[in-house]
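Structure file entry_31.pdb (PDB, C-alpha atoms) follows.
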```pdb
ATOM      1  CA  MET A 736     -11.840  21.170 -29.426
ATOM      2  CA  ASP A 737     -14.000  24.235 -29.176
ATOM      3  CA  PRO A 738     -13.015  26.328 -26.081
ATOM      4  CA  ALA A 739     -16.668  26.707 -25.063
ATOM      5  CA  VAL A 740     -17.227  22.933 -25.094
ATOM      6  CA  GLU A 741     -14.001  22.396 -23.176
ATOM      7  CA  ALA A 742     -15.092  24.972 -20.564
ATOM      8  CA  VAL A 743     -18.418  23.162 -20.113
ATOM      9  CA  ILE A 744     -16.673  19.789 -19.691
ATOM     10  CA  VAL A 745     -14.212  21.239 -17.160
ATOM     11  CA  THR A 746     -17.110  22.813 -15.242
ATOM     12  CA  ILE A 747     -18.962  19.491 -15.139
ATOM     13  CA  VAL A 748     -15.809  17.695 -13.940
ATOM     14  CA  VAL A 749     -15.197  20.311 -11.218
ATOM     15  CA  ILE A 750     -18.810  20.152 -10.031
ATOM     16  CA  PHE A 751     -18.686  16.344  -9.978
ATOM     17  CA  LEU A 752     -15.422  16.317  -8.007
ATOM     18  CA  PHE A 753     -16.729  18.925  -5.581
ATOM     19  CA  LEU A 754     -19.979  17.022  -4.942
ATOM     20  CA  ALA A 755     -18.237  13.645  -4.691
ATOM     21  CA  LEU A 756     -15.656  14.927  -2.201
ATOM     22  CA  CYS A 757     -18.350  16.759  -0.197
ATOM     23  CA  ALA A 758     -20.494  13.626  -0.030
ATOM     24  CA  ALA A 759     -17.483  11.526   1.024
ATOM     25  CA  LEU A 760     -16.615  14.100   3.698
ATOM     26  CA  VAL A 761     -20.158  13.979   5.076
ATOM     27  CA  LEU A 762     -20.085  10.168   5.145
ATOM     28  CA  VAL A 763     -16.756   9.955   6.981
ATOM     29  CA  THR A 764     -17.838  12.667   9.416
ATOM     30  CA  VAL A 765     -20.913  10.575  10.263
ATOM     31  CA  ALA A 766     -18.630   7.529  10.634
ATOM     32  CA  LEU A 767     -16.290   9.346  13.057
ATOM     33  CA  ARG A 768     -18.296   8.241  16.094
ATOM     34  CA  ARG A 769     -18.647   4.658  15.008
ATOM     35  CA  PRO A 770     -16.885   3.382  11.884
ATOM     36  CA  SER A 771     -19.352   1.770   9.507
ATOM     37  CA  ALA A 772     -18.256  -0.444   6.639
ATOM     38  CA  VAL A 773     -21.190   0.776   4.551
ATOM     39  CA  LEU A 774     -20.497   4.491   5.051
ATOM     40  CA  LEU A 775     -16.761   4.057   4.556
ATOM     41  CA  GLY A 776     -17.356   1.833   1.522
ATOM     42  CA  VAL A 777     -19.567   4.442  -0.144
ATOM     43  CA  ALA A 778     -17.065   7.200   0.704
ATOM     44  CA  GLY A 779     -14.232   5.069  -0.657
ATOM     45  CA  GLY A 780     -16.271   4.354  -3.785
ATOM     46  CA  LEU A 781     -16.793   8.086  -4.353
ATOM     47  CA  ILE A 782     -13.062   8.678  -3.968
ATOM     48  CA  ALA A 783     -12.266   5.814  -6.367
ATOM     49  CA  LEU A 784     -14.748   7.177  -8.905
ATOM     50  CA  SER A 785     -13.222  10.641  -8.565
ATOM     51  CA  PHE A 786      -9.780   9.107  -9.059
ATOM     52  CA  LEU A 787     -10.946   7.422 -12.267
ATOM     53  CA  VAL A 788     -12.494  10.651 -13.550
ATOM     54  CA  VAL A 789      -9.349  12.725 -13.017
ATOM     55  CA  THR A 790      -7.175   9.952 -14.452
ATOM     56  CA  VAL A 791      -9.200   9.423 -17.616
ATOM     57  CA  LEU A 792     -10.227  12.978 -18.472
ATOM     58  CA  PRO A 793      -7.429  15.127 -19.905
ATOM     59  CA  TYR A 794      -8.727  18.399 -18.464
ATOM     60  CA  ASP A 795      -7.075  20.475 -15.796
ATOM     61  CA  VAL A 796      -9.040  22.201 -13.063
ATOM     62  CA  PRO A 797      -8.722  26.019 -12.983
ATOM     63  CA  LEU A 798      -6.663  27.437 -10.096
ATOM     64  CA  LEU A 799      -9.519  28.920  -8.030
ATOM     65  CA  PHE A 800     -11.561  25.725  -8.195
ATOM     66  CA  GLY A 801      -8.389  23.763  -7.560
ATOM     67  CA  ALA A 802      -7.830  25.644  -4.311
ATOM     68  CA  VAL A 803     -11.354  24.781  -3.171
ATOM     69  CA  LEU A 804     -10.863  21.123  -4.111
ATOM     70  CA  ALA A 805      -7.484  21.084  -2.352
ATOM     71  CA  LEU A 806      -9.009  22.360   0.911
ATOM     72  CA  LEU A 807     -11.885  19.915   0.634
ATOM     73  CA  GLY A 808      -9.498  17.053  -0.150
ATOM     74  CA  LEU A 809      -7.275  18.001   2.782
ATOM     75  CA  ALA A 810     -10.248  17.924   5.166
ATOM     76  CA  LEU A 811     -11.371  14.572   3.757
ATOM     77  CA  ALA A 812      -7.862  13.106   3.981
ATOM     78  CA  VAL A 813      -7.402  14.201   7.587
ATOM     79  CA  LEU A 814     -10.866  13.396   8.961
ATOM     80  CA  GLY A 815     -11.616  10.290   6.905
ATOM     81  CA  GLY A 816      -8.466   8.482   7.910
ATOM     82  CA  ASN A 817      -9.654   8.216  11.502
ATOM     83  CA  PRO A 818     -12.762   6.050  10.973
ATOM     84  CA  PHE A 819     -11.062   4.168   8.137
ATOM     85  CA  ALA A 820      -8.034   3.245  10.264
ATOM     86  CA  ARG A 821     -10.255   2.327  13.226
ATOM     87  CA  TRP A 822     -12.407   0.122  11.003
ATOM     88  CA  VAL A 823      -9.354  -1.606   9.501
ATOM     89  CA  LEU A 824      -7.858  -2.124  12.983
ATOM     90  CA  SER A 825     -11.121  -3.571  14.262
ATOM     91  CA  ALA A 826     -11.271  -5.969  11.322
ATOM     92  CA  ALA A 827      -7.603  -6.945  11.736
ATOM     93  CA  GLU A 828      -7.858  -7.515  15.480
ATOM     94  CA  GLY A 829     -11.210  -9.251  15.458
ATOM     95  CA  GLY A 830     -12.221  -7.306  18.574
ATOM     96  CA  ARG A 831      -9.419  -8.825  20.676
ATOM     97  CA  THR A 832      -7.767  -5.574  21.737
ATOM     98  CA  THR A 833      -9.156  -3.588  24.637
ATOM     99  CA  GLU A 834      -8.982   0.186  24.424
ATOM    100  CA  GLY A 835      -7.785   2.143  27.436
ATOM    101  CA  THR A 836      -9.318   5.212  29.054
ATOM    102  CA  ARG A 837      -6.670   7.584  27.620
ATOM    103  CA  GLY A 838      -6.974   6.618  23.950
ATOM    104  CA  GLY A 839      -4.407   3.820  23.909
ATOM    105  CA  ILE A 840      -4.694   0.060  24.091
ATOM    106  CA  LEU A 841      -4.317  -2.218  27.074
ATOM    107  CA  VAL A 842      -1.604  -4.861  26.776
ATOM    108  CA  GLU A 843      -0.452  -7.463  29.238
ATOM    109  CA  LEU A 844       3.142  -6.947  30.389
ATOM    110  CA  MET A 845       5.285  -9.179  32.555
ATOM    111  CA  ALA A 846       6.836  -7.594  35.638
ATOM    112  CA  ASP A 847      10.212  -8.518  37.096
ATOM    113  CA  ASP A 848       8.545 -10.710  39.703
ATOM    114  CA  ALA A 849       6.867 -12.806  36.924
ATOM    115  CA  LYS A 850       3.456 -11.271  37.650
ATOM    116  CA  SER A 851       1.641  -9.835  34.690
ATOM    117  CA  HIS A 852      -0.194  -6.532  34.660
ATOM    118  CA  GLU A 853      -2.040  -4.475  32.094
ATOM    119  CA  GLU A 854      -0.573  -1.226  30.864
ATOM    120  CA  GLU A 855      -2.000   1.309  28.454
ATOM    121  CA  ILE A 856       0.291   2.040  25.505
ATOM    122  CA  LEU A 857       0.065   3.955  22.211
ATOM    123  CA  ARG A 858      -1.824   6.832  23.798
ATOM    124  CA  GLY A 859      -2.463   9.874  21.639
ATOM    125  CA  GLY A 860      -2.868   7.827  18.470
ATOM    126  CA  THR A 861      -5.882   9.830  17.316
ATOM    127  CA  THR A 862      -4.074  13.152  17.529
ATOM    128  CA  ILE A 863      -0.936  11.714  15.969
ATOM    129  CA  GLY A 864      -3.075  10.250  13.177
ATOM    130  CA  TYR A 865      -4.630  13.628  12.379
ATOM    131  CA  LEU A 866      -1.200  15.266  12.268
ATOM    132  CA  GLU A 867       0.302  12.451  10.181
ATOM    133  CA  ARG A 868      -2.524  12.576   7.611
ATOM    134  CA  ALA A 869      -2.367  16.376   7.419
ATOM    135  CA  SER A 870       1.388  16.236   6.823
ATOM    136  CA  VAL A 871       1.097  13.506   4.193
ATOM    137  CA  ALA A 872      -1.799  15.171   2.348
ATOM    138  CA  LEU A 873      -0.132  18.587   2.368
ATOM    139  CA  GLY A 874       3.118  17.037   1.156
ATOM    140  CA  ILE A 875       1.397  15.319  -1.757
ATOM    141  CA  LEU A 876      -0.632  18.394  -2.686
ATOM    142  CA  ALA A 877       2.529  20.513  -2.571
ATOM    143  CA  GLY A 878       4.333  18.059  -4.841
ATOM    144  CA  PHE A 879       6.634  16.749  -2.101
ATOM    145  CA  PRO A 880       5.571  13.116  -1.540
ATOM    146  CA  ALA A 881       8.899  12.357   0.162
ATOM    147  CA  VAL A 882       7.296  13.791   3.298
ATOM    148  CA  ILE A 883       5.715  10.341   3.722
ATOM    149  CA  ALA A 884       9.144   8.875   4.577
ATOM    150  CA  VAL A 885       9.783  11.667   7.085
ATOM    151  CA  VAL A 886       6.420  11.102   8.799
ATOM    152  CA  VAL A 887       6.919   7.330   9.005
ATOM    153  CA  ALA A 888      10.432   7.788  10.413
ATOM    154  CA  LEU A 889       9.304  10.314  13.030
ATOM    155  CA  LYS A 890       6.372   8.180  14.045
ATOM    156  CA  GLY A 891       8.515   5.043  14.323
ATOM    157  CA  ILE A 892      11.157   6.810  16.413
ATOM    158  CA  GLY A 893       8.538   8.374  18.670
ATOM    159  CA  ARG A 894       6.732   5.091  19.276
ATOM    160  CA  PHE A 895       9.777   2.796  19.400
ATOM    161  CA  THR A 896       9.707   2.188  23.157
ATOM    162  CA  GLU A 897       5.999   1.300  23.090
ATOM    163  CA  LEU A 898       6.358  -1.411  20.446
ATOM    164  CA  ALA A 899       7.573  -4.165  22.781
ATOM    165  CA  THR A 900       4.488  -6.371  22.453
ATOM    166  CA  PRO A 901       3.163  -8.063  19.318
ATOM    167  CA  ALA A 902      -0.254  -6.401  19.801
ATOM    168  CA  ALA A 903       1.336  -2.958  19.883
ATOM    169  CA  ARG A 904       3.479  -3.627  16.804
ATOM    170  CA  GLU A 905       0.544  -4.985  14.838
ATOM    171  CA  ARG A 906      -1.718  -2.090  15.799
ATOM    172  CA  PHE A 907       1.018   0.429  14.977
ATOM    173  CA  ILE A 908       1.748  -1.025  11.535
ATOM    174  CA  VAL A 909      -1.850  -1.685  10.495
ATOM    175  CA  GLY A 910      -3.094   1.666  11.808
ATOM    176  CA  THR A 911      -0.297   3.630  10.165
ATOM    177  CA  LEU A 912      -0.706   1.888   6.810
ATOM    178  CA  ALA A 913      -4.500   2.295   6.799
ATOM    179  CA  SER A 914      -4.269   5.941   7.824
ATOM    180  CA  MET A 915      -1.663   6.766   5.196
ATOM    181  CA  LEU A 916      -3.433   4.785   2.487
ATOM    182  CA  TRP A 917      -6.529   6.908   3.013
ATOM    183  CA  ALA A 918      -4.615  10.201   3.067
ATOM    184  CA  CYS A 919      -2.506   9.311   0.010
ATOM    185  CA  THR A 920      -5.513   8.188  -2.027
ATOM    186  CA  VAL A 921      -7.523  11.332  -1.327
ATOM    187  CA  ALA A 922      -4.586  13.729  -1.742
ATOM    188  CA  GLY A 923      -3.391  11.904  -4.862
ATOM    189  CA  THR A 924      -6.832  12.204  -6.422
ATOM    190  CA  VAL A 925      -6.925  15.948  -5.795
ATOM    191  CA  TRP A 926      -3.317  16.317  -6.993
ATOM    192  CA  LEU A 927      -4.214  14.583 -10.261
ATOM    193  CA  ALA A 928      -7.124  17.001 -10.733
ATOM    194  CA  LEU A 929      -4.752  19.948 -10.260
ATOM    195  CA  ARG A 930      -1.902  18.719 -12.473
TER     196      ARG A 930
END
```
For this file, produce the structure as C-alpha cells.
Amino acid sequence: MDPAVEAVIVTIVVIFLFLALCAALVLVTVALRRPSAVLLGVAGGLIALSFLVVTVLPYDVPLLFGAVLALLGLALAVLGGNPFARWVLSAAEGGRTTEGTRGGILVELMADDAKSHEEEILRGGTTIGYLERASVALGILAGFPAVIAVVVALKGIGRFTELATPAARERFIVGTLASMLWACTVAGTVWLALR
C-alpha cells in the first residue's frame, strides 16, 4: 500500500480512537455522581467500537499518539470503573444493601449475647477500586497482565476478615469483577492499538 494512504488511514484511526475515548471519559465522569445505565451503555459502546476498530485494522499507532492514547485510556480505566462497578452492584443487589456513612456497607451481625447489630464493613472500597484499576491498567499497558493476579490476591488478603457475611462476599466479588472487567477492557483496547 502507498505510504501516504497508509498514513492517512492511521491518522483517521488515531483521531477516531482519541475522540471515542474522550467521549467515553466525559460520559463516565458525568456518571460518577450517579451511575446511569444510558451513559455507561454509550461509553461501553464507544469502547467496544474502539476495540473492534483496533482488532480489525492492521495499522499500528505511532509512539507519540500512542502515549496520548495510553494516558487517556488509563484515565478512562481508572475513573470509569467506579460508576460501572456501582451500577453493576446496584443491579445485582436490587437496592437491598444500605451504604454506611464511611463508604462501606451496613450488615447485620450477631453478637455473643444473640442480639444483632449493624456494622459498617468494606470501607475504603472507592479508593481501593481506583488503585486496583490503575494497577491493572498500567500492568496491561506495560505488557505485564499477571499483575491482575497480584491485585486480586492482595485485595482478597486485605479484605479477608470483612468477608464473614454473604452480603459482604457478594459485594466484594461482584464489585471486584465489574471493576476489573472495565479496566481490562479499556486497557486491552489501548494495548491493541499500540501493539
Could you check which of A:Val886, A:Ile863, A:Val788, A:Leu811 is closest to Ala758 of chain A, using only C-alpha atoms? A:Leu811
Chain and number of each residue from the PyMOL selection byres ((chain A and resi 891) around 12), as a PyMOL selection string: chain A and resi 857+863+867+884-890+892-898+904+907-908+911
List as a PyMOL selection string the residues having at least one atom at most 12 Å from position (-18.8, 15.8, 7.7) as given in the file, counting only C-alpha atoms. chain A and resi 756-768+774+778+807+810-815+818
Separation of atom CA of Ala922 of chain A from atom CA of Leu809 of chain A, in Å and rounded to one decimal: 6.8 Å
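With only C-alpha atoms as the atoms that count, the residue of A:Asn817, A:Gly808, A:Thr861, A:Val749 with the shortest distance to Val789 of chain A is A:Val749.
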Name every residue that the PyMOL selection byres ((chain A and resi 797) around 12) selects in this structure, writing the answer as number ranges by chain with chains first and numbers rising. A: 742, 745-746, 748-749, 794-796, 798-805, 928-930
Can you work out which one of A:Ile750, A:Val925, A:Ile744, A:Leu824 has the shortest atom-to-atom distance to Val909 of chain A, counting only C-alpha atoms?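 Selected residue with least distance to Val909 of chain A: A:Leu824.
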One-decimal distance in Å that lies between atom CA of Leu787 of chain A and atom CA of Tyr865 of chain A: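 Atom-to-atom, atom CA of Tyr865 of chain A and atom CA of Leu787 of chain A are spaced 26.2 Å apart.
Reported to one decimal place, the separation of atom CA of Phe819 of chain A from atom CA of Leu754 of chain A is 20.4 Å.
Nearest residue to Arg769 of chain A among A:Leu912, A:Ala869, A:Leu752, A:Ala820 is A:Ala820, counting only C-alpha atoms.
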Restricting the calculation to all atoms listed in the file: of A:Met915, A:Leu927, A:Ala903, A:Val773, which residue gets closest to Leu866 of chain A? A:Met915
Listed atoms of segment 811-815 of chain A boxed axis-aligned with 8 Å per side, centre + edges as AutoDock Vina command-line options:
```
--center_x -9.5 --center_y 12.4 --center_z 6.4 --size_x 20.2 --size_y 20.3 --size_z 21.2
```
Can you tell me which residues surround Glu828 of chain A at a distance of at most 9 Å, considering all atoms listed in the file, apart from same-chain residues fewer than 6 positions away, and format the answer as a PyMOL selection string? chain A and resi 902+905-906
Could you list, as a list in words, every residue matched by the PyMOL selection byres ((chain A and resi 871) around 8) in this structure?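 Going through the file, the PyMOL selection byres ((chain A and resi 871) around 8) ends up selecting Glu867, Arg868, Ala869, Ser870, Ala872, Leu873, Gly874, Ile875, Pro880, Val882, Ile883, Val886, Met915, Ala918 and Cys919 of chain A.
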